[in-house]
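**Q** This is the content of my_file_8.txt (compact mmCIF, C-alpha atoms):
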# COMPACT_ATOMS: atom_id res chain seq x y z
CA MET A 1 -29.40 51.70 31.59
CA SER A 2 -26.17 50.90 29.72
CA SER A 3 -24.26 50.44 32.98
CA THR A 4 -26.68 47.72 34.17
CA ALA A 5 -27.04 45.95 30.79
CA LEU A 6 -23.30 45.59 30.25
CA PRO A 7 -22.58 43.33 33.25
CA ALA A 8 -25.55 41.11 32.30
CA ALA A 9 -24.36 40.83 28.69
CA VAL A 10 -20.86 39.73 29.64
CA PRO A 11 -21.91 36.44 31.34
CA MET A 12 -24.24 35.65 28.44
CA GLN A 13 -21.42 36.17 25.93
CA ALA A 14 -19.11 34.02 28.05
CA GLU A 15 -21.73 31.25 28.17
CA ARG A 16 -22.13 31.39 24.39
CA ASP A 17 -18.35 31.19 23.93
CA ASP A 18 -18.14 28.21 26.29
CA ALA A 19 -20.98 26.44 24.47
CA LEU A 20 -19.30 27.09 21.11
CA LEU A 21 -16.00 25.81 22.47
CA ARG A 22 -17.63 22.64 23.81
CA ALA A 23 -19.41 22.05 20.49
CA THR A 24 -16.13 22.48 18.62
CA ARG A 25 -14.41 20.02 20.91
CA ARG A 26 -17.22 17.50 20.44
CA ARG A 27 -16.96 17.82 16.66
CA ARG A 28 -13.20 17.28 16.82
CA VAL A 29 -13.59 14.23 19.04
CA MET A 30 -16.27 12.78 16.75
CA SER A 31 -14.17 13.41 13.65
CA LYS A 32 -11.21 11.66 15.31
CA ILE A 33 -13.42 8.72 16.30
CA VAL A 34 -14.78 8.40 12.76
CA ALA A 35 -11.32 8.70 11.21
CA HIS A 36 -9.74 6.17 13.56
CA GLY A 37 -12.72 3.83 13.13
CA ALA A 38 -12.34 3.95 9.35
CA LEU A 39 -8.60 3.30 9.64
CA ILE A 40 -9.13 0.37 12.01
CA LEU A 41 -11.79 -1.11 9.71
CA GLY A 42 -9.46 -0.77 6.73
CA VAL A 43 -6.63 -2.45 8.61
CA LEU A 44 -8.91 -5.31 9.63
CA ILE A 45 -10.13 -5.81 6.06
CA VAL A 46 -6.54 -6.00 4.80
CA ALA A 47 -5.05 -7.90 7.73
CA PHE A 48 -7.73 -10.57 8.25
CA PRO A 49 -6.94 -12.59 5.07
CA ILE A 50 -3.24 -12.43 5.94
CA TRP A 51 -3.99 -13.63 9.46
CA MET A 52 -6.10 -16.51 8.12
CA THR A 53 -3.25 -17.47 5.78
CA LEU A 54 -0.83 -17.44 8.70
CA VAL A 55 -3.21 -19.52 10.84
CA GLY A 56 -3.90 -21.95 8.00
CA SER A 57 -0.18 -22.54 7.56
CA THR A 58 -0.04 -23.94 11.11
CA HIS A 59 -2.78 -26.58 10.74
CA ASP A 60 -2.85 -29.92 8.95
CA ALA A 61 -4.37 -30.44 5.51
CA ALA A 62 -7.39 -32.33 6.89
CA THR A 63 -8.48 -29.44 9.11
CA ILE A 64 -8.31 -26.96 6.22
CA GLY A 65 -9.95 -29.45 3.83
CA ARG A 66 -12.99 -29.68 6.13
CA GLY A 67 -13.27 -25.88 6.07
CA ASP A 68 -12.89 -25.90 9.83
CA VAL A 69 -10.02 -23.44 10.18
CA PRO A 70 -9.96 -21.86 13.65
CA LEU A 71 -8.88 -18.31 14.34
CA LEU A 72 -5.90 -19.40 16.44
CA PRO A 73 -2.65 -21.02 15.24
CA GLY A 74 -2.27 -24.79 15.34
CA SER A 75 0.55 -27.19 16.14
CA HIS A 76 1.77 -28.12 12.64
CA ALA A 77 3.69 -24.94 11.84
CA ILE A 78 7.20 -26.44 11.90
CA GLU A 79 6.13 -29.43 9.82
CA ASN A 80 4.34 -27.32 7.19
CA TYR A 81 7.08 -24.73 6.82
CA ALA A 82 9.79 -27.38 6.65
CA THR A 83 7.87 -29.19 3.90
CA ALA A 84 7.29 -26.00 1.94
CA TRP A 85 10.91 -24.89 2.35
CA ASN A 86 12.52 -28.18 1.35
CA GLU A 87 9.99 -29.91 -0.91
CA GLY A 88 7.44 -27.40 -2.14
CA GLY A 89 3.67 -27.44 -1.81
CA GLY A 90 0.73 -29.04 -3.54
CA LYS A 91 0.22 -32.64 -4.59
CA SER A 92 2.79 -32.35 -7.38
CA ARG A 93 5.51 -31.14 -4.98
CA THR A 94 6.63 -28.17 -7.07
CA THR A 95 9.94 -26.36 -6.72
CA PRO A 96 11.04 -25.92 -3.07
CA ALA A 97 10.21 -22.54 -1.60
CA ALA A 98 13.86 -21.94 -0.70
CA LEU A 99 14.90 -22.04 -4.36
CA MET A 100 11.92 -20.00 -5.53
CA LEU A 101 12.59 -17.35 -2.90
CA TRP A 102 16.21 -17.11 -4.01
CA ASN A 103 15.15 -16.76 -7.66
CA SER A 104 12.61 -14.05 -6.81
CA LEU A 105 15.10 -12.23 -4.60
CA LEU A 106 17.76 -12.27 -7.31
CA MET A 107 15.28 -11.15 -9.98
CA ALA A 108 13.90 -8.32 -7.81
CA LEU A 109 17.38 -7.08 -6.87
CA LEU A 110 18.64 -7.13 -10.46
CA ILE A 111 15.53 -5.36 -11.73
CA ALA A 112 15.68 -2.69 -9.02
CA VAL A 113 19.41 -2.04 -9.40
CA GLY A 114 19.20 -2.11 -13.21
CA LYS A 115 16.24 0.28 -13.33
CA ILE A 116 17.86 2.73 -10.90
CA THR A 117 21.21 2.66 -12.74
CA ILE A 118 19.73 3.22 -16.19
CA SER A 119 17.28 5.85 -14.91
CA ILE A 120 19.99 7.86 -13.13
CA LEU A 121 22.23 7.85 -16.18
CA SER A 122 19.45 8.80 -18.59
CA ALA A 123 18.10 11.54 -16.31
CA TYR A 124 21.64 12.85 -15.71
CA ALA A 125 22.25 13.06 -19.45
CA VAL A 126 18.97 14.86 -20.10
CA VAL A 127 19.48 17.45 -17.32
CA PHE A 128 23.21 18.22 -17.36
CA PHE A 129 24.18 17.75 -21.01
CA ARG A 130 23.20 19.86 -24.00
CA PHE A 131 22.86 17.83 -27.19
CA PRO A 132 20.51 17.88 -30.21
CA LEU A 133 17.05 16.40 -29.68
CA ARG A 134 17.66 16.20 -25.95
CA MET A 135 14.02 16.84 -25.00
CA ALA A 136 12.81 14.63 -27.84
CA ALA A 137 14.80 11.78 -26.29
CA PHE A 138 13.26 12.50 -22.90
CA TRP A 139 9.73 12.55 -24.27
CA ALA A 140 10.42 9.31 -26.15
CA ILE A 141 11.32 7.76 -22.79
CA PHE A 142 8.32 9.36 -21.09
CA ILE A 143 5.84 8.08 -23.70
CA THR A 144 6.79 4.49 -22.85
CA LEU A 145 4.78 4.95 -19.64
CA MET A 146 1.77 4.20 -21.83
CA LEU A 147 3.33 0.91 -23.01
CA PRO A 148 3.71 -1.49 -20.08
CA VAL A 149 5.11 -4.99 -20.50
CA GLU A 150 1.64 -6.47 -20.96
CA VAL A 151 1.01 -4.28 -24.04
CA ARG A 152 4.34 -5.01 -25.75
CA ILE A 153 4.71 -8.57 -24.53
CA ILE A 154 4.35 -10.28 -27.92
CA PRO A 155 7.09 -8.32 -29.76
CA THR A 156 9.28 -8.44 -26.64
CA PHE A 157 8.89 -12.20 -26.43
CA GLN A 158 9.72 -12.53 -30.14
CA VAL A 159 12.91 -10.50 -29.67
CA ILE A 160 13.96 -12.67 -26.71
CA VAL A 161 13.31 -15.85 -28.71
CA ASP A 162 15.25 -14.54 -31.72
CA LEU A 163 18.19 -13.77 -29.43
CA SER A 164 17.98 -17.23 -27.83
CA LEU A 165 17.52 -15.72 -24.37
CA GLY A 166 14.65 -17.91 -23.23
CA ASN A 167 15.17 -19.61 -19.88
CA THR A 168 18.05 -17.26 -19.08
CA TRP A 169 18.50 -14.55 -16.48
CA ALA A 170 19.27 -12.06 -19.23
CA GLY A 171 15.98 -12.79 -20.97
CA LEU A 172 14.15 -12.52 -17.66
CA ILE A 173 15.74 -9.28 -16.47
CA ILE A 174 16.68 -7.10 -19.46
CA PRO A 175 13.15 -6.41 -20.79
CA LEU A 176 12.09 -5.22 -17.33
CA ILE A 177 14.93 -2.90 -16.33
CA ALA A 178 13.97 0.16 -18.37
CA SER A 179 11.84 2.55 -16.29
CA ALA A 180 10.34 5.77 -17.57
CA THR A 181 8.85 6.50 -14.13
CA ALA A 182 12.21 6.39 -12.36
CA THR A 183 13.79 8.48 -15.14
CA LEU A 184 11.10 11.13 -14.72
CA LEU A 185 11.47 11.24 -10.93
CA PHE A 186 15.27 11.47 -11.04
CA ARG A 187 15.08 14.16 -13.72
CA GLN A 188 12.74 16.25 -11.59
CA PHE A 189 15.11 15.95 -8.64
CA PHE A 190 18.22 16.75 -10.69
CA LEU A 191 16.53 19.95 -11.87
CA THR A 192 16.48 21.14 -8.23
CA ILE A 193 20.28 20.92 -7.91
CA PRO A 194 21.57 24.52 -8.01
CA ASP A 195 23.60 25.64 -11.02
CA GLU A 196 26.24 26.88 -8.57
CA PHE A 197 27.13 23.26 -7.82
CA VAL A 198 27.79 22.65 -11.50
CA GLU A 199 29.90 25.78 -11.83
CA ALA A 200 31.88 24.96 -8.69
CA ALA A 201 32.58 21.48 -10.00
CA LYS A 202 33.84 22.90 -13.29
CA ILE A 203 36.12 25.34 -11.46
CA ASP A 204 37.55 22.45 -9.41
CA GLY A 205 38.24 20.56 -12.62
CA ALA A 206 35.66 17.82 -11.97
CA GLY A 207 34.49 16.01 -15.08
CA PRO A 208 30.96 14.70 -15.68
CA LEU A 209 31.61 11.32 -14.06
CA ARG A 210 33.23 12.84 -10.99
CA PHE A 211 30.40 15.36 -10.63
CA LEU A 212 27.93 12.48 -10.84
CA LYS A 213 29.85 10.42 -8.27
CA ASP A 214 30.77 13.15 -5.77
CA VAL A 215 27.80 15.53 -5.98
CA VAL A 216 24.72 14.10 -7.67
CA LEU A 217 24.67 10.60 -6.17
CA PRO A 218 25.21 11.70 -2.53
CA LEU A 219 22.36 14.19 -2.90
CA SER A 220 20.14 11.48 -4.40
CA LEU A 221 20.50 8.82 -1.71
CA THR A 222 17.02 9.23 -0.26
CA ASN A 223 15.46 9.25 -3.73
CA ILE A 224 17.43 6.14 -4.66
CA ALA A 225 16.26 4.40 -1.48
CA ALA A 226 12.62 5.29 -2.17
CA MET A 227 12.86 4.07 -5.75
CA PHE A 228 14.61 0.89 -4.62
CA VAL A 229 11.68 -0.03 -2.37
CA ILE A 230 9.14 0.61 -5.12
CA LEU A 231 11.12 -1.20 -7.82
CA PHE A 232 12.03 -4.14 -5.58
CA ILE A 233 8.35 -4.81 -4.89
CA TYR A 234 7.64 -4.34 -8.61
CA GLY A 235 10.24 -6.97 -9.50
CA TRP A 236 9.16 -9.32 -6.71
CA ASN A 237 5.52 -9.30 -7.86
CA GLN A 238 6.26 -10.00 -11.52
CA TYR A 239 4.09 -12.85 -12.77
CA LEU A 240 3.24 -12.67 -16.47
CA TRP A 241 6.75 -12.23 -17.90
CA PRO A 242 8.46 -14.94 -15.78
CA LEU A 243 5.56 -17.30 -16.53
CA LEU A 244 6.04 -16.72 -20.24
CA ILE A 245 9.83 -16.72 -20.55
CA ILE A 246 10.86 -19.34 -17.96
CA ASN A 247 10.13 -23.06 -18.35
CA ASP A 248 13.01 -24.35 -16.26
CA ARG A 249 11.87 -25.16 -12.72
CA SER A 250 15.29 -24.28 -11.33
CA MET A 251 14.56 -20.64 -12.29
CA GLU A 252 10.94 -20.54 -11.13
CA THR A 253 9.94 -17.54 -9.01
CA ILE A 254 7.80 -17.67 -5.89
CA VAL A 255 4.82 -15.85 -7.45
CA VAL A 256 4.69 -18.24 -10.41
CA GLY A 257 5.34 -21.24 -8.17
CA LEU A 258 2.41 -20.37 -5.91
CA SER A 259 0.00 -20.37 -8.83
CA LYS A 260 1.30 -23.77 -9.97
CA MET A 261 0.80 -25.28 -6.51
CA ILE A 262 -2.95 -24.82 -6.75
CA GLY A 263 -4.62 -27.70 -8.59
CA SER A 264 -7.89 -27.79 -10.47
CA GLY A 265 -9.90 -28.92 -7.44
CA ASP A 266 -9.84 -28.46 -3.70
CA SER A 267 -9.20 -32.15 -3.16
CA GLN A 268 -5.86 -31.88 -4.98
CA ASN A 269 -4.52 -29.03 -2.92
CA GLU A 270 -2.47 -29.21 0.24
CA TRP A 271 -3.52 -25.81 1.50
CA ASN A 272 -1.35 -25.97 4.59
CA THR A 273 1.92 -26.03 2.63
CA ILE A 274 0.52 -23.64 0.04
CA MET A 275 -0.32 -21.13 2.78
CA ALA A 276 3.09 -21.66 4.37
CA THR A 277 4.71 -20.84 1.02
CA ALA A 278 2.49 -17.76 0.70
CA VAL A 279 3.62 -16.52 4.12
CA LEU A 280 7.27 -17.06 3.12
CA ALA A 281 6.61 -15.09 -0.07
CA LEU A 282 5.36 -12.15 2.00
CA LEU A 283 8.42 -11.86 4.20
CA PRO A 284 11.10 -10.35 1.88
CA PRO A 285 9.06 -7.38 0.60
CA VAL A 286 7.74 -6.72 4.11
CA LEU A 287 11.29 -6.72 5.48
CA VAL A 288 12.48 -4.36 2.73
CA VAL A 289 9.67 -1.90 3.45
CA ALA A 290 10.15 -2.14 7.22
CA LEU A 291 13.92 -1.71 7.13
CA MET A 292 13.87 1.14 4.60
CA GLN A 293 10.69 2.87 5.71
CA ARG A 294 12.44 6.02 6.98
CA TRP A 295 14.45 6.43 3.78
CA PHE A 296 11.38 5.66 1.71
CA VAL A 297 9.30 8.39 3.36
CA ARG A 298 12.13 10.92 3.19
CA GLY A 299 12.72 10.19 -0.47
CA LEU A 300 9.08 10.80 -1.32
CA THR A 301 8.50 13.86 0.87
CA GLU A 302 11.73 15.88 0.81
CA THR A 303 11.77 18.40 -2.02
CA GLU A 304 14.55 20.77 -0.98
CA LYS A 305 18.08 19.47 -0.51
Any chance you could give the structure as structure tokens?
**A**
Amino acid sequence: MSSTALPAAVPMQAERDDALLRATRRRRVMSKIVAHGALILGVLIVAFPIWMTLVGSTHDAATIGRGDVPLLPGSHAIENYATAWNEGGGKSRTTPAALMLWNSLLMALLIAVGKITISILSAYAVVFFRFPLRMAAFWAIFITLMLPVEVRIIPTFQVIVDLSLGNTWAGLIIPLIASATATLLFRQFFLTIPDEFVEAAKIDGAGPLRFLKDVVLPLSLTNIAAMFVILFIYGWNQYLWPLLIINDRSMETIVVGLSKMIGSGDSQNEWNTIMATAVLALLPPVLVVALMQRWFVRGLTETEK
């Protein structure tokens, strides 16, 4: 009886295995379809307003004013971008986009470089030096994460006014270059540097500055690149502080300038040049992310050096 039942059981088991395998494959295919569908939907939700801004920047003001904006680009792109670049947008013809882009680029670069420099030095001091109240100093820096610029903006503004730094690059940049987040991230990375590196540097006669220059900074390049991308976008998107501290149009940034282009009513707005300026404002941060994407990902994902 067992000899006849065994051959019959084997095909049945094989059929069950095949059915289970097919069901597993179907579940995997369905999960991939659902995941990719969700990703495509998310991309469309984010990309569609950007596409409409790009399309609107290529049509004339009358077409946009009628609310009859097509989904395809128009024939006024060169005219609109030239007007935005040289004259500005809106009825009042605010600061030209070329000048505002330069101001935003300079502000973002100075903020990013300043934050990275100060953060590296403070994290280096906390990790590699032994001095009284070392951890108290670190926690004092860390606690400032709970005090963003918006919370301390009134006393910060009063200090800048007392120092006569209004409408100056120093008043615009200095209050924004301290970064507890970057200090924390660099400290955590510096803690992963083996003690043998420090001992070898001491044996070779390298001082603290040489050890920082020849050992720590080369090991930190990917982290610096990742932080640069984050901090550049942070500086580029600053709105409240530049709006408060800068009254001179020659120092106006692109984010502040865009808000000033929009009037109180639709009839006062030249949406074609405003949208052209908005597209120009998107380009620098997009280029920074695209050009430094590999370094950015490596800096955030690599943990062992």
**Q** Contacts of range 65-82 of chain A at 12 Å or less, counting all atoms listed in the file, minus same-chain residues fewer than 3 places along, as a ChimeraX atom specification?
**A** /A:48-62,85-90,96-98,265-281
**Q** Of the residues A:Ala226, A:Val43, A:Leu109, A:Ala206, which is the one nearest to Trp295 in chain A, using all atoms listed in the file?
**A**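 Of all the options, A:Ala226 lies closest to Trp295 in chain A.
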**Q** Residues within 9 Å of Arg249 in chain A, please, as a list in words. Count only C-alpha atoms; anything in the same chain fewer than 2 positions from it doesn't count.
**A** Thr94, Thr95, Met100, Ile246, Asn247, Met251, Glu252, Thr253 and Gly257 of chain A
**Q** Show me, as a list in words, the residues that have an atom within 10 Å of range 128-138 of chain A when counting all atoms listed in the file, minus same-chain residues fewer than 3 positions from it.
**A**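 These residues fall inside the cut-off: Ser122, Ala123, Tyr124, Ala125, Ile141, Phe142, Ile143, Ala180, Thr183, Leu184, Arg187, Phe190, Leu191, Asp195, Val198, Pro208 and Leu212 of chain A.
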**Q** For Pro284 in chain A, which residue among A:Phe232, A:Phe211, A:Phe197, A:Trp139 is the nearest when counting only C-alpha atoms?
**A**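 Of all the options, A:Phe232 lies closest to Pro284 in chain A.
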**Q** So the first atom is CA of Pro148 in chain A and the second is CA of Ile177 in chain A; what is the distance between them in Å, to one decimal place?
**A** 11.9 Å
**Q** Would you compute the distance between CA of Leu185 in chain A and CA of Thr117 in chain A? Give it in Å to one decimal.
**A**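 Interatomic distance, CA of Leu185 in chain A to CA of Thr117 in chain A: 13.1 Å.
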**Q** Tell me which protein, DNA and RNA residues are within 12 Å of Val149 in chain A, counting all atoms listed in the file, leaving out same-chain ones fewer than 5 positions away, and put them as a list in words.
**A**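 What passes the distance filter is Thr144, Ile154, Pro155, Thr156, Phe157, Ile174, Pro175, Leu176, Ile177, Ala178, Ser179, Gln238, Tyr239, Leu240, Trp241, Pro242 and Leu244 of chain A.
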**Q** Record the distance separating CA of Ala19 in chain A and CA of Ala35 in chain A, expressed in Å with one decimal.
**A**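 We find that CA of Ala19 in chain A and CA of Ala35 in chain A lie 24.2 Å from each other.
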**Q** Quick one: residues within 9 Å of range 217-223 of chain A, all atoms listed in the file, excluding same-chain residues fewer than 3 positions away - as a list in words?
**A**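 The residues satisfying every condition are Ile120, Leu185, Phe186, Phe189, Phe190, Ile193, Phe211, Leu212, Lys213, Asp214, Ala226, Met227, Phe228, Trp295, Phe296, Val297, Arg298, Gly299, Leu300, Glu302 and Lys305 of chain A.
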**Q** Can I get the selected residues back with C-alpha atoms, as a compact mmCIF listing (two decimals), in the coordinates of the input?
**A**
# COMPACT_ATOMS: atom_id res chain seq x y z
CA ILE A 120 19.99 7.86 -13.13
CA LEU A 185 11.47 11.24 -10.93
CA PHE A 186 15.27 11.47 -11.04
CA PHE A 189 15.11 15.95 -8.64
CA PHE A 190 18.22 16.75 -10.69
CA ILE A 193 20.28 20.92 -7.91
CA PHE A 211 30.40 15.36 -10.63
CA LEU A 212 27.93 12.48 -10.84
CA LYS A 213 29.85 10.42 -8.27
CA ASP A 214 30.77 13.15 -5.77
CA ALA A 226 12.62 5.29 -2.17
CA MET A 227 12.86 4.07 -5.75
CA PHE A 228 14.61 0.89 -4.62
CA TRP A 295 14.45 6.43 3.78
CA PHE A 296 11.38 5.66 1.71
CA VAL A 297 9.30 8.39 3.36
CA ARG A 298 12.13 10.92 3.19
CA GLY A 299 12.72 10.19 -0.47
CA LEU A 300 9.08 10.80 -1.32
CA GLU A 302 11.73 15.88 0.81
CA LYS A 305 18.08 19.47 -0.51
**Q** Which of these residues is nearest to Gln293 in chain A, using all atoms listed in the file: A:Ile230, A:Ala182, A:Ile160, A:Ala108?
**A**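 The closest residue to Gln293 in chain A is A:Ile230.
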